[in-house]
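Participant: File input.cif below, mmCIF, C-alpha atoms:
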data_upload
#
loop_
_atom_site.label_atom_id
_atom_site.label_comp_id
_atom_site.auth_asym_id
_atom_site.auth_seq_id
_atom_site.Cartn_x
_atom_site.Cartn_y
_atom_site.Cartn_z
CA MET P 1 135.48 84.76 8.50
CA SER P 2 134.50 87.65 6.28
CA GLU P 3 132.96 90.83 7.67
CA PRO P 4 129.31 90.20 6.68
CA ALA P 5 129.45 86.59 7.90
CA GLN P 6 130.59 87.82 11.31
CA ALA P 7 127.76 90.29 11.45
CA LEU P 8 125.30 87.51 10.68
CA ALA P 9 126.73 85.28 13.37
CA SER P 10 126.28 88.01 15.95
CA GLY P 11 122.64 88.25 14.94
CA SER P 12 122.55 91.93 14.12
CA LEU P 13 121.49 91.68 10.49
CA ALA P 14 117.93 91.04 9.35
CA GLY P 15 116.22 90.93 5.99
CA CYS P 16 113.16 93.17 5.65
CA HIS P 17 110.07 90.95 5.12
CA ASP P 18 108.58 93.33 2.60
CA CYS P 19 111.39 94.76 0.50
CA ALA P 20 114.23 92.30 1.33
CA LEU P 21 116.68 95.07 2.27
CA VAL P 22 119.42 93.85 4.60
CA VAL P 23 119.03 95.92 7.74
CA ARG P 24 121.50 96.22 10.64
CA LEU P 25 119.49 95.93 13.86
CA PRO P 26 120.57 98.13 16.77
CA ALA P 27 122.59 96.05 19.24
CA GLY P 28 121.08 95.20 22.62
CA GLN P 29 117.50 96.29 21.84
CA THR P 30 116.06 93.08 20.50
CA HIS P 31 112.59 93.82 21.90
CA VAL P 32 112.29 97.18 20.18
CA ALA P 33 110.86 96.87 16.68
CA ALA P 34 113.24 98.37 14.15
CA ARG P 35 111.88 99.95 10.99
CA CYS P 36 113.20 99.30 7.52
CA PRO P 37 114.92 102.50 6.30
CA ARG P 38 113.77 101.85 2.73
CA CYS P 39 110.09 100.84 2.98
CA GLY P 40 109.22 101.57 6.62
CA ALA P 41 108.05 98.04 7.52
CA LYS P 42 108.79 96.62 10.96
CA VAL P 43 111.89 94.46 10.76
CA HIS P 44 112.11 91.21 12.67
CA ARG P 45 114.80 88.59 12.35
CA ARG P 46 112.07 85.90 12.20
CA LYS P 47 108.32 85.99 11.68
CA VAL P 48 106.71 86.92 14.99
CA ASP P 49 105.41 83.96 17.05
CA SER P 50 105.68 81.77 13.98
CA LEU P 51 105.44 78.42 15.79
CA ALA P 52 102.47 79.31 18.01
CA ARG P 53 100.53 80.96 15.19
CA THR P 54 101.15 78.14 12.74
CA TRP P 55 100.15 75.50 15.31
CA ALA P 56 96.94 77.37 16.09
CA LEU P 57 96.03 77.58 12.40
CA VAL P 58 96.99 73.95 11.70
CA ILE P 59 94.82 72.71 14.57
CA THR P 60 91.91 74.92 13.45
CA ALA P 61 92.20 73.60 9.90
CA ALA P 62 92.31 70.01 11.14
CA MET P 63 89.07 70.58 13.07
CA LEU P 64 87.40 72.07 10.00
CA TYR P 65 88.66 69.29 7.72
CA LEU P 66 86.38 66.57 9.16
CA PRO P 67 83.02 68.37 8.77
CA ALA P 68 84.22 69.63 5.38
CA ASN P 69 84.40 66.03 4.20
CA ILE P 70 81.40 64.63 6.07
CA TYR P 71 78.73 67.24 5.27
CA PRO P 72 77.48 67.55 1.68
CA VAL P 73 78.97 70.40 -0.35
CA MET P 74 75.85 70.58 -2.47
CA THR P 75 72.34 69.18 -2.83
CA VAL P 76 70.78 68.67 -6.24
CA THR P 77 66.99 68.59 -6.41
CA SER P 78 65.67 67.35 -9.73
CA LEU P 79 62.06 66.30 -10.46
CA GLY P 80 61.26 66.00 -6.79
CA LYS P 81 64.27 63.81 -6.04
CA SER P 82 67.08 65.30 -4.07
CA GLN P 83 70.61 64.03 -3.87
CA SER P 84 73.44 65.28 -1.68
CA ASP P 85 77.07 65.18 -2.72
CA THR P 86 80.06 65.26 -0.44
CA ILE P 87 83.48 66.08 -1.84
CA MET P 88 84.34 62.40 -2.06
CA SER P 89 81.09 61.36 -3.74
CA GLY P 90 81.59 64.20 -6.24
CA ALA P 91 84.95 62.71 -7.23
CA ILE P 92 83.43 59.22 -7.45
CA TYR P 93 80.65 60.58 -9.69
CA LEU P 94 83.28 61.88 -12.14
CA LEU P 95 85.08 58.54 -12.04
CA GLN P 96 81.87 56.61 -12.81
CA HIS P 97 81.33 58.83 -15.83
CA GLY P 98 84.72 57.88 -17.21
CA MET P 99 86.26 61.27 -16.47
CA TRP P 100 89.12 59.86 -14.46
CA PRO P 101 91.57 62.74 -15.13
CA LEU P 102 89.07 65.22 -13.65
CA ALA P 103 88.18 62.81 -10.85
CA LEU P 104 91.87 62.63 -10.03
CA VAL P 105 92.17 66.44 -10.06
CA VAL P 106 89.21 66.81 -7.69
CA PHE P 107 90.39 64.03 -5.39
CA VAL P 108 93.97 65.31 -5.21
CA ALA P 109 93.01 69.00 -4.93
CA SER P 110 90.20 68.62 -2.40
CA VAL P 111 90.96 65.54 -0.33
CA LEU P 112 94.70 64.89 -0.52
CA VAL P 113 96.15 68.42 -0.74
CA PRO P 114 94.63 69.82 2.48
CA LEU P 115 95.42 66.61 4.38
CA LEU P 116 99.02 66.42 3.15
CA LYS P 117 99.47 70.12 3.82
CA LEU P 118 98.40 69.68 7.43
CA VAL P 119 100.62 66.62 7.88
CA ALA P 120 103.59 68.39 6.26
CA LEU P 121 103.19 71.57 8.35
CA SER P 122 102.78 69.55 11.58
CA GLY P 123 105.91 67.57 10.70
CA LEU P 124 107.86 70.76 10.03
CA LEU P 125 106.64 72.34 13.30
CA ILE P 126 107.58 69.26 15.33
CA SER P 127 110.98 68.99 13.67
CA VAL P 128 111.74 72.64 14.43
CA GLN P 129 110.57 72.32 18.04
CA ARG P 130 112.68 69.22 18.59
CA GLY P 131 115.68 71.12 17.25
CA SER P 132 116.17 68.63 14.46
CA SER P 133 119.06 69.07 12.05
CA TRP P 134 117.72 66.38 9.73
CA ARG P 135 117.90 67.20 5.98
CA PRO P 136 117.14 70.94 6.19
CA LEU P 137 117.21 71.29 2.39
CA ASP P 138 114.49 68.67 1.89
CA ARG P 139 112.39 70.19 4.67
CA THR P 140 112.68 73.61 3.00
CA ARG P 141 111.54 72.05 -0.30
CA LEU P 142 108.60 70.42 1.49
CA TYR P 143 107.63 73.83 2.85
CA ARG P 144 107.80 75.42 -0.61
CA MET P 145 105.47 72.70 -1.88
CA THR P 146 102.88 73.41 0.82
CA GLU P 147 102.89 77.04 -0.30
CA VAL P 148 102.36 76.23 -3.99
CA VAL P 149 99.58 73.63 -3.80
CA GLY P 150 97.28 75.53 -1.44
CA PRO P 151 94.99 77.38 -3.88
CA TRP P 152 94.14 74.21 -5.81
CA SER P 153 91.81 73.12 -3.05
CA MET P 154 89.41 75.86 -4.18
CA VAL P 155 88.26 73.80 -7.19
CA ASP P 156 85.24 72.34 -5.41
CA ILE P 157 84.10 75.71 -4.09
CA TYR P 158 84.17 77.08 -7.64
CA VAL P 159 82.26 74.09 -9.01
CA VAL P 160 79.52 74.62 -6.42
CA THR P 161 79.37 78.33 -7.33
CA ILE P 162 79.01 77.65 -11.05
CA LEU P 163 76.39 74.92 -10.57
CA VAL P 164 74.34 77.00 -8.14
CA ALA P 165 74.41 79.93 -10.56
CA LEU P 166 73.43 77.90 -13.61
CA VAL P 167 70.79 75.67 -12.14
CA SER P 168 69.13 77.80 -9.46
CA LEU P 169 67.02 79.61 -12.05
CA GLY P 170 65.65 76.44 -13.62
CA GLN P 171 62.20 75.30 -12.53
CA LEU P 172 62.71 71.56 -12.76
CA ALA P 173 65.99 71.36 -10.95
CA SER P 174 67.79 73.35 -8.30
CA ILE P 175 71.15 73.14 -6.64
CA GLU P 176 71.90 74.38 -3.15
CA ALA P 177 75.31 74.82 -1.60
CA GLY P 178 75.69 72.66 1.50
CA LEU P 179 77.25 73.09 4.93
CA GLY P 180 80.32 71.17 3.75
CA ALA P 181 81.18 74.01 1.36
CA VAL P 182 81.38 76.49 4.24
CA PHE P 183 83.71 74.25 6.26
CA PHE P 184 85.71 73.49 3.15
CA GLY P 185 86.20 77.19 2.36
CA GLY P 186 87.38 77.56 5.95
CA VAL P 187 89.93 74.77 5.48
CA VAL P 188 91.35 76.45 2.37
CA VAL P 189 91.64 79.90 3.97
CA VAL P 190 93.09 78.63 7.26
CA THR P 191 95.68 76.31 5.61
CA LEU P 192 96.81 79.17 3.35
CA LEU P 193 97.29 81.40 6.40
CA ALA P 194 99.09 78.57 8.22
CA ALA P 195 101.60 78.12 5.39
CA GLU P 196 102.13 81.89 5.34
CA SER P 197 102.81 82.12 9.06
CA PHE P 198 105.46 79.38 9.14
CA ASP P 199 109.02 80.69 8.92
CA PRO P 200 111.32 78.31 6.96
CA ARG P 201 114.38 80.05 8.38
CA LEU P 202 113.63 78.32 11.71
CA ILE P 203 114.59 75.02 10.02
CA TRP P 204 118.05 76.41 9.34
CA ASP P 205 118.48 78.08 12.74
CA ARG P 206 118.29 74.73 14.50
CA ALA P 207 120.36 72.99 11.85
CA GLU P 208 123.03 75.67 12.21
CA ALA P 209 123.00 75.57 16.01
CA SER P 210 123.50 71.81 16.20
CA HIS P 211 126.17 72.03 13.53
CA ALA P 212 128.05 74.59 15.62
CA ARG P 213 127.85 72.39 18.73
CA ARG P 214 129.59 69.52 16.96
CA MET M 1 127.83 98.93 -0.69
CA SER M 2 124.68 98.70 -2.79
CA ALA M 3 121.64 96.88 -1.46
CA ARG M 4 121.87 94.45 -4.34
CA GLU M 5 125.26 93.13 -3.36
CA LEU M 6 124.29 91.83 0.06
CA ILE M 7 121.23 89.59 0.18
CA LEU M 8 119.84 87.53 3.04
CA CYS M 9 118.12 84.42 1.68
CA HIS M 10 114.37 84.70 2.22
CA ASP M 11 114.05 80.98 2.99
CA CYS M 12 117.14 80.11 5.06
CA ASP M 13 118.64 83.49 6.10
CA LEU M 14 122.08 82.74 4.64
CA LEU M 15 123.95 85.96 3.94
CA ASN M 16 125.05 86.09 0.33
CA ARG M 17 127.34 88.45 -1.46
CA VAL M 18 125.88 88.55 -4.94
CA ALA M 19 127.78 89.92 -7.90
CA GLU M 20 125.78 91.98 -10.40
CA VAL M 21 123.18 89.64 -11.91
CA PRO M 22 123.16 89.82 -15.72
CA SER M 23 119.96 90.90 -17.46
CA GLY M 24 117.73 87.84 -17.86
CA GLY M 25 119.70 85.94 -15.22
CA SER M 26 118.99 85.01 -11.63
CA ALA M 27 120.92 84.25 -8.46
CA ARG M 28 119.98 81.36 -6.21
CA CYS M 29 120.97 80.60 -2.64
CA PRO M 30 123.82 78.07 -2.64
CA ARG M 31 122.51 76.46 0.55
CA CYS M 32 118.74 76.04 0.02
CA GLY M 33 118.19 76.99 -3.64
CA GLY M 34 115.88 79.91 -2.80
CA LEU M 35 115.65 82.74 -5.31
CA LEU M 36 117.88 85.65 -4.24
CA ASP M 37 117.69 88.03 -7.17
CA ARG M 38 116.37 88.00 -10.69
CA ARG M 39 116.82 90.54 -13.45
CA VAL M 40 114.24 90.66 -16.20
CA PRO M 41 115.17 92.67 -19.31
CA ASN M 42 112.87 95.72 -19.63
CA SER M 43 110.97 94.51 -16.58
CA ILE M 44 108.78 97.61 -16.19
CA ASP M 45 107.81 97.91 -19.88
CA ARG M 46 107.18 94.21 -20.19
CA THR M 47 105.05 93.97 -17.05
CA LEU M 48 103.06 97.07 -18.02
CA ALA M 49 102.27 95.60 -21.45
CA LEU M 50 101.05 92.37 -19.82
CA VAL M 51 98.99 94.31 -17.27
CA LEU M 52 97.21 96.25 -20.02
CA ALA M 53 96.48 93.02 -21.91
CA GLY M 54 95.32 91.48 -18.64
CA LEU M 55 92.90 94.34 -17.92
CA VAL M 56 91.24 93.99 -21.35
CA LEU M 57 90.92 90.22 -20.89
CA PHE M 58 89.60 90.69 -17.36
CA LEU M 59 86.92 93.03 -18.67
CA VAL M 60 85.83 90.57 -21.36
CA ALA M 61 85.96 87.66 -18.92
CA ASN M 62 83.58 89.47 -16.59
CA ALA M 63 81.28 91.18 -19.08
CA PHE M 64 80.26 88.07 -20.99
CA PRO M 65 78.83 84.75 -19.80
CA PHE M 66 81.33 81.89 -19.59
CA LEU M 67 78.73 79.16 -19.71
CA ALA M 68 75.19 78.95 -21.01
CA MET M 69 72.86 76.08 -20.26
CA LYS M 70 69.84 74.97 -22.28
CA MET M 71 67.28 72.92 -20.43
CA GLN M 72 63.65 72.38 -21.46
CA GLY M 73 63.83 75.32 -23.81
CA GLN M 74 65.11 77.57 -21.04
CA VAL M 75 68.50 79.23 -21.39
CA THR M 76 70.55 80.26 -18.35
CA HIS M 77 73.78 82.24 -18.65
CA THR M 78 76.33 82.64 -15.96
CA THR M 79 79.04 85.22 -15.44
CA LEU M 80 81.45 85.38 -12.54
CA ALA M 81 79.36 88.01 -10.81
CA SER M 82 76.09 86.10 -11.26
CA GLY M 83 77.70 83.06 -9.59
CA VAL M 84 78.59 85.17 -6.58
CA ARG M 85 75.10 86.76 -6.59
CA ALA M 86 73.46 83.33 -6.62
CA LEU M 87 75.48 82.30 -3.56
CA TYR M 88 74.49 85.48 -1.72
CA ALA M 89 70.85 84.87 -2.72
CA HIS M 90 71.11 81.43 -1.08
CA ASP M 91 72.53 83.07 2.04
CA GLU M 92 75.96 81.55 1.50
CA ARG M 93 77.75 84.72 2.52
CA PHE M 94 81.09 83.20 3.51
CA VAL M 95 81.48 81.04 0.40
CA GLY M 96 80.18 83.89 -1.78
CA SER M 97 82.70 86.35 -0.34
CA LEU M 98 85.52 83.85 -0.74
CA VAL M 99 84.69 83.36 -4.43
CA LEU M 100 84.25 87.11 -4.94
CA PHE M 101 87.61 87.85 -3.36
CA THR M 102 89.68 85.12 -5.03
CA THR M 103 88.31 85.43 -8.58
CA ILE M 104 87.29 89.09 -8.95
CA VAL M 105 88.69 91.38 -6.26
CA ALA M 106 92.21 89.93 -5.92
CA PRO M 107 93.02 89.59 -9.66
CA LEU M 108 91.56 93.02 -10.46
CA LEU M 109 93.36 94.66 -7.56
CA GLN M 110 96.56 92.91 -8.63
CA LEU M 111 96.27 94.38 -12.15
CA LEU M 112 95.23 97.87 -10.99
CA LEU M 113 97.99 98.10 -8.37
CA LEU M 114 100.61 97.04 -10.91
CA LEU M 115 99.26 99.64 -13.35
CA SER M 116 99.32 102.46 -10.83
CA ILE M 117 102.81 101.61 -9.54
CA LEU M 118 104.50 100.85 -12.84
CA SER M 119 103.11 103.60 -15.06
CA PRO M 120 104.63 106.46 -13.00
CA LEU M 121 107.88 104.47 -12.73
CA LYS M 122 107.98 104.12 -16.51
CA PHE M 123 108.24 107.91 -16.74
CA GLY M 124 110.65 108.13 -13.84
CA GLN M 125 108.04 109.58 -11.48
CA ARG M 126 107.24 108.71 -7.90
CA VAL M 127 103.78 109.28 -6.50
CA PRO M 128 102.66 109.16 -2.86
CA GLY M 129 101.32 105.85 -1.66
CA MET M 130 103.51 103.67 -3.86
CA ILE M 131 105.07 101.84 -0.92
CA PRO M 132 101.78 100.77 0.74
CA MET M 133 100.37 99.89 -2.70
CA PHE M 134 103.29 97.60 -3.51
CA ARG M 135 103.07 96.04 -0.05
CA LEU M 136 99.36 95.36 -0.61
CA LEU M 137 100.14 93.81 -4.00
CA LYS M 138 102.56 91.35 -2.40
CA ARG M 139 99.93 90.45 0.23
CA ILE M 140 97.07 89.71 -2.17
CA GLU M 141 99.05 87.96 -4.90
CA SER M 142 98.64 84.54 -3.33
CA TRP M 143 94.85 85.03 -3.09
CA SER M 144 94.30 85.46 -6.80
CA MET M 145 93.13 82.04 -8.00
CA MET M 146 91.95 82.41 -11.59
CA GLU M 147 93.76 79.29 -12.81
CA VAL M 148 91.93 77.16 -10.29
CA PHE M 149 88.63 78.65 -11.41
CA LEU M 150 89.26 77.44 -14.96
CA ILE M 151 89.57 73.85 -13.68
CA GLY M 152 86.34 74.48 -11.77
CA ILE M 153 84.61 75.40 -15.06
CA LEU M 154 85.83 72.14 -16.64
CA VAL M 155 84.54 70.03 -13.76
CA SER M 156 81.16 71.81 -13.89
CA LEU M 157 80.91 71.17 -17.64
CA VAL M 158 81.24 67.45 -17.05
CA LYS M 159 78.81 67.39 -14.14
CA LEU M 160 76.11 69.19 -16.08
CA ALA M 161 76.64 67.32 -19.35
CA ASP M 162 73.89 64.74 -18.80
CA MET M 163 71.47 67.17 -17.22
CA ALA M 164 71.39 69.80 -19.94
CA GLN M 165 73.06 71.14 -23.03
CA ILE M 166 76.04 73.33 -22.20
CA VAL M 167 77.39 76.05 -24.46
CA PRO M 168 80.76 77.62 -23.59
CA GLY M 169 80.68 81.42 -23.88
CA ILE M 170 83.22 84.01 -25.03
CA ALA M 171 84.39 84.64 -21.50
CA ILE M 172 85.78 81.12 -21.18
CA TRP M 173 88.38 81.95 -23.86
CA SER M 174 89.37 85.18 -22.19
CA PHE M 175 89.76 83.27 -18.92
CA ALA M 176 92.02 80.81 -20.69
CA LEU M 177 94.14 83.70 -22.03
CA LEU M 178 94.06 85.77 -18.85
CA ILE M 179 95.70 83.02 -16.78
CA PRO M 180 99.03 82.85 -18.72
CA VAL M 181 99.01 86.67 -18.95
CA LEU M 182 98.72 87.00 -15.15
CA VAL M 183 101.45 84.39 -14.64
CA ALA M 184 103.74 86.18 -17.12
CA ALA M 185 103.07 89.57 -15.50
CA LYS M 186 104.05 88.16 -12.11
CA ALA M 187 107.16 86.51 -13.57
CA SER M 188 108.35 89.63 -15.41
CA LEU M 189 108.08 91.89 -12.37
CA ASP M 190 111.47 92.66 -10.83
CA SER M 191 110.52 93.38 -7.21
CA HIS M 192 114.06 94.36 -6.20
CA LEU M 193 114.08 96.99 -8.94
CA VAL M 194 110.67 98.34 -7.90
CA TRP M 195 111.67 98.58 -4.23
CA GLU M 196 114.85 100.39 -5.18
CA ARG M 197 112.88 102.89 -7.26
CA ILE M 198 109.95 103.50 -4.88
CA GLY M 199 111.70 103.17 -1.51
CA ARG M 200 113.52 105.86 0.38
CA ARG M 201 117.18 106.13 -0.59
CA VAL M 202 119.37 104.16 1.79
#
Hey, can you dump this file as C-alpha cells for me?
Facilitator:
Amino acid sequence: MSEPAQALASGSLAGCHDCALVVRLPAGQTHVAARCPRCGAKVHRRKVDSLARTWALVITAAMLYLPANIYPVMTVTSLGKSQSDTIMSGAIYLLQHGMWPLALVVFVASVLVPLLKLVALSGLLISVQRGSSWRPLDRTRLYRMTEVVGPWSMVDIYVVTILVALVSLGQLASIEAGLGAVFFGGVVVVTLLAAESFDPRLIWDRAEASHARR
Amino acid sequence: MSARELILCHDCDLLNRVAEVPSGGSARCPRCGGLLDRRVPNSIDRTLALVLAGLVLFLVANAFPFLAMKMQGQVTHTTLASGVRALYAHDERFVGSLVLFTTIVAPLLQLLLLLSILSPLKFGQRVPGMIPMFRLLKRIESWSMMEVFLIGILVSLVKLADMAQIVPGIAIWSFALLIPVLVAAKASLDSHLVWERIGRRV
C-alpha cells in the first residue's frame, strides 16, 4: 500500500469543502474543527449531519409538494370571468393548444422533477443508512442528476411572474399569483438545499466498509 | 509535494495521485468519474473576457423590456424588475424575492465577483477579501437560473398568444446570448488555479 493510501485508510486526510486542498487532520482530535491552511474554511471529513439535515429537508419538501400541486398557481380574471390554474392544468392547457413540446417541458420540470428528486434522495438516504454496497457508481450518478435538474422546476414561477407583470396593468383582464406558487417556490428552494446537504461520499464509505469485511 | 498532485475526489473521497494535467485537459476519478482537475488554457483571460461580455448583456437584458403586449389599444411592457415589482405589489413577497434573487441578484453577483477576483489576478495582484468573495461565488452559482427564465418567457408567449398580441423586445435577444456566455464563463474558470493564487501559501 502506498503512503497516501495508508493515510487515507487511517482517516487522517480530508479534502477542504471550499478549495479542495488535501488537509492532514490532527490525530485523535476528531471533534475539534480543523481549519484549512489555504482558505481558512472549517475542514470536515464529511458534510456535518448530512443524513439528518437531508432527511429534514426531504420531508419538508414532500409536505410542501402536495399543496403546491393542489392550490392554483394563478388566477386569470377576464371580462368578469375568473379561472384558476394549477400546475397540472397549466400543462394541460398547453397540450390542448398543440404546444406539446412546451407542455412536456412544464410537466417534466414542475411535476416530475421535484417528485423524482424526492424519491431519488430518499432512496439514497435509505441505502446509506442500511449500509448498502449496491452499485455505488450508479447511485453517485443518480445523485449528480438530482443536483443538475433542480433549477428547472422554477419555470412555472417565472411564467406566473411574467404573466402577472404583463396583465396586471390591463383593465379588462388581470392575473393574480395563487397560493400554489408560494408552496411551489418553497418546494424548489427546499429540494435544492436538500440536494446540497447530501454527501455522496457516504455512499462510498459504506461500500468500502462492506468490501473490507469480505 | 504540490497541492495539485494529491487530490481527494469530491464525490467519493478516493485519494488520487494526479500527474500534471495538460492545458485543455482534465483528470477524472477512476472510481466514480467525478471531475478531479481541469486546466483551461488562458483561464483567467478567457473568463474575464466572458464576464465583461456578460455584464454588457446583463445591462441590456435589464434595461429594455423583453416582452410587450398589445391589448385593446393598450401597450404593456415588462422588464425583469417590473415583473418582480408586480409580485411585490400583489403582496407576493416570497415568490417576488425568489425571482429577484435567482434572475437578478445571483447572476449579477456572479459576474461582479468574478470581475473583482479575476482582474487583480490578471495583473498578478492580490487584494483583501478575495477568499470570502470566491467562497461566496461558489455558494451562489447554483442559484443563478437565467436559462430557466428563458423557457419561462417561451411558455408565457404561448399562454398569452390568444389573449393579446405579443411583441418580443430587445432584451429577449440579450437573454438568449447571456445564457451561453454565463455557461462559458463558468466552464472556463479554473477554480484550482484561483485557489492556488488567492489562498495562503501552503
Participant: So that I can see what lies close to Phe198 of chain P, please list as a ChimeraX atom specification the residues with an atom at most 6 Å from it, counting only C-alpha atoms and leaving out residues fewer than 2 positions away in the same chain.
Facilitator: /P:50,54,195-196
Participant: Select, from M:Thr78, M:Asn16, M:Ser97, M:Ser43, the residue with the minimum atom-to-atom distance to Val167 of chain M, counting all atoms listed in the file.
Facilitator: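 Comparing M:Thr78, M:Asn16, M:Ser97, M:Ser43 against Val167 of chain M, the winner is M:Thr78.
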Participant: Name every residue that the PyMOL selection byres ((chain P) within 7 of (chain M)) selects in this structure, writing the answer as a PyMOL selection string with chains first and numbers rising.
Facilitator: chain P and resi 5+15+18-19+21-22+37-39+102+137+151-152+154-156+158-159+161-166+182+185+200-201+204
Participant: I want to know what sits within 9 Å of Ser153 of chain P, based on all atoms listed in the file, with residues of the same chain fewer than 3 positions away left out; could you give that as a list in words?
Facilitator: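 The contact residues come out as Val106, Val108, Ala109, Ser110, Val111, Val113, Pro114, Val149, Gly150, Asp156, Ile157, Phe184, Gly185, Val187 and Val188 of chain P; Val148 of chain M.
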Participant: For Ala181 of chain P, please output as a PyMOL selection string all residues within 8 Å (counting all atoms listed in the file; exclusion window: fewer than 6 positions along the same chain).
Facilitator: (chain P and resi 68+72-74+157+160) or (chain M and resi 95)
Participant: Which polymer residues have any atom within 7 Å of an atom of segment 109-126 of chain M, counting all atoms listed in the file, with same-chain residues fewer than 5 positions away left out, as a PyMOL selection string?
Facilitator: chain M and resi 44+48+51+55+133+137+141+198
Participant: For the residues in the current selection, export C-alpha atoms as a PDB file, keeping the file's coordinate frame.
Facilitator:
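Written out: result.pdb:
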ATOM      1  CA  ILE M  44     108.780  97.610 -16.190  1.00  0.00           C
ATOM      2  CA  LEU M  48     103.060  97.070 -18.020  1.00  0.00           C
ATOM      3  CA  VAL M  51      98.990  94.310 -17.270  1.00  0.00           C
ATOM      4  CA  LEU M  55      92.900  94.340 -17.920  1.00  0.00           C
ATOM      5  CA  MET M 133     100.370  99.890  -2.700  1.00  0.00           C
ATOM      6  CA  LEU M 137     100.140  93.810  -4.000  1.00  0.00           C
ATOM      7  CA  GLU M 141      99.050  87.960  -4.900  1.00  0.00           C
ATOM      8  CA  ILE M 198     109.950 103.500  -4.880  1.00  0.00           C
TER       9      ILE M 198
END
Participant: Determine the nearest neighbour of Leu177 of chain M from the options M:Ala63, M:Leu57, M:Ala161, M:Leu100, counting only C-alpha atoms.
Facilitator: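 Checking each of M:Ala63, M:Leu57, M:Ala161, M:Leu100 against Leu177 of chain M, counting only C-alpha atoms, the winner is M:Leu57.
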Participant: Please identify all polymer residues within 7 Å of Ile175 of chain P, counting only C-alpha atoms, omitting same-chain residues fewer than 2 positions from it, and present them as a compact mmCIF listing (two decimals) with C-alpha atoms, keeping the file's coordinate frame.
Facilitator:
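Output file part.txt is given in full below:
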# COMPACT_ATOMS: atom_id res chain seq x y z
CA MET P 74 75.85 70.58 -2.47
CA THR P 75 72.34 69.18 -2.83
CA VAL P 76 70.78 68.67 -6.24
CA THR P 77 66.99 68.59 -6.41
CA LEU P 163 76.39 74.92 -10.57
CA VAL P 164 74.34 77.00 -8.14
CA VAL P 167 70.79 75.67 -12.14
CA SER P 168 69.13 77.80 -9.46
CA ALA P 173 65.99 71.36 -10.95
CA ALA P 177 75.31 74.82 -1.60
Participant: Could you tell me how far atom CA of Leu51 of chain P lies from atom CA of Gly180 of chain P, in Å and to one decimal?
Facilitator: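 Here the two named atoms are 28.8 Å from each other.
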Participant: Take segment 71-82 of chain M from the block and save it with N, CA and C atoms, as a PDB file, in the first residue's frame.
Facilitator:
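out26.pdb, written as the output of this step:
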ATOM      1  N   MET M  71     -53.129  45.085 -26.161  1.00  0.00           N
ATOM      2  CA  MET M  71     -54.474  44.590 -25.925  1.00  0.00           C
ATOM      3  C   MET M  71     -55.411  45.790 -25.882  1.00  0.00           C
ATOM      4  N   GLN M  72     -56.441  45.759 -26.717  1.00  0.00           N
ATOM      5  CA  GLN M  72     -57.411  46.867 -26.797  1.00  0.00           C
ATOM      6  C   GLN M  72     -56.693  48.219 -26.866  1.00  0.00           C
ATOM      7  N   GLY M  73     -55.734  48.297 -27.740  1.00  0.00           N
ATOM      8  CA  GLY M  73     -55.036  49.565 -27.941  1.00  0.00           C
ATOM      9  C   GLY M  73     -54.111  49.984 -26.811  1.00  0.00           C
ATOM     10  N   GLN M  74     -53.999  49.102 -25.806  1.00  0.00           N
ATOM     11  CA  GLN M  74     -53.154  49.425 -24.657  1.00  0.00           C
ATOM     12  C   GLN M  74     -51.858  48.621 -24.767  1.00  0.00           C
ATOM     13  N   VAL M  75     -50.727  49.261 -24.554  1.00  0.00           N
ATOM     14  CA  VAL M  75     -49.464  48.532 -24.651  1.00  0.00           C
ATOM     15  C   VAL M  75     -48.836  48.410 -23.270  1.00  0.00           C
ATOM     16  N   THR M  76     -48.488  47.187 -22.880  1.00  0.00           N
ATOM     17  CA  THR M  76     -47.791  46.962 -21.610  1.00  0.00           C
ATOM     18  C   THR M  76     -46.419  46.364 -21.908  1.00  0.00           C
ATOM     19  N   HIS M  77     -45.384  46.948 -21.292  1.00  0.00           N
ATOM     20  CA  HIS M  77     -44.044  46.380 -21.429  1.00  0.00           C
ATOM     21  C   HIS M  77     -43.683  45.692 -20.131  1.00  0.00           C
ATOM     22  N   THR M  78     -42.821  44.704 -20.236  1.00  0.00           N
ATOM     23  CA  THR M  78     -42.309  44.167 -18.978  1.00  0.00           C
ATOM     24  C   THR M  78     -40.808  43.962 -19.037  1.00  0.00           C
ATOM     25  N   THR M  79     -40.145  44.364 -17.971  1.00  0.00           N
ATOM     26  CA  THR M  79     -38.732  44.071 -17.782  1.00  0.00           C
ATOM     27  C   THR M  79     -38.660  43.101 -16.617  1.00  0.00           C
ATOM     28  N   LEU M  80     -37.449  42.614 -16.347  1.00  0.00           N
ATOM     29  CA  LEU M  80     -37.290  41.713 -15.205  1.00  0.00           C
ATOM     30  C   LEU M  80     -37.744  42.390 -13.920  1.00  0.00           C
ATOM     31  N   ALA M  81     -37.273  43.623 -13.737  1.00  0.00           N
ATOM     32  CA  ALA M  81     -37.568  44.334 -12.496  1.00  0.00           C
ATOM     33  C   ALA M  81     -39.062  44.612 -12.355  1.00  0.00           C
ATOM     34  N   SER M  82     -39.750  44.915 -13.474  1.00  0.00           N
ATOM     35  CA  SER M  82     -41.174  45.228 -13.351  1.00  0.00           C
ATOM     36  C   SER M  82     -41.965  43.975 -12.985  1.00  0.00           C
TER      37      SER M  82
END
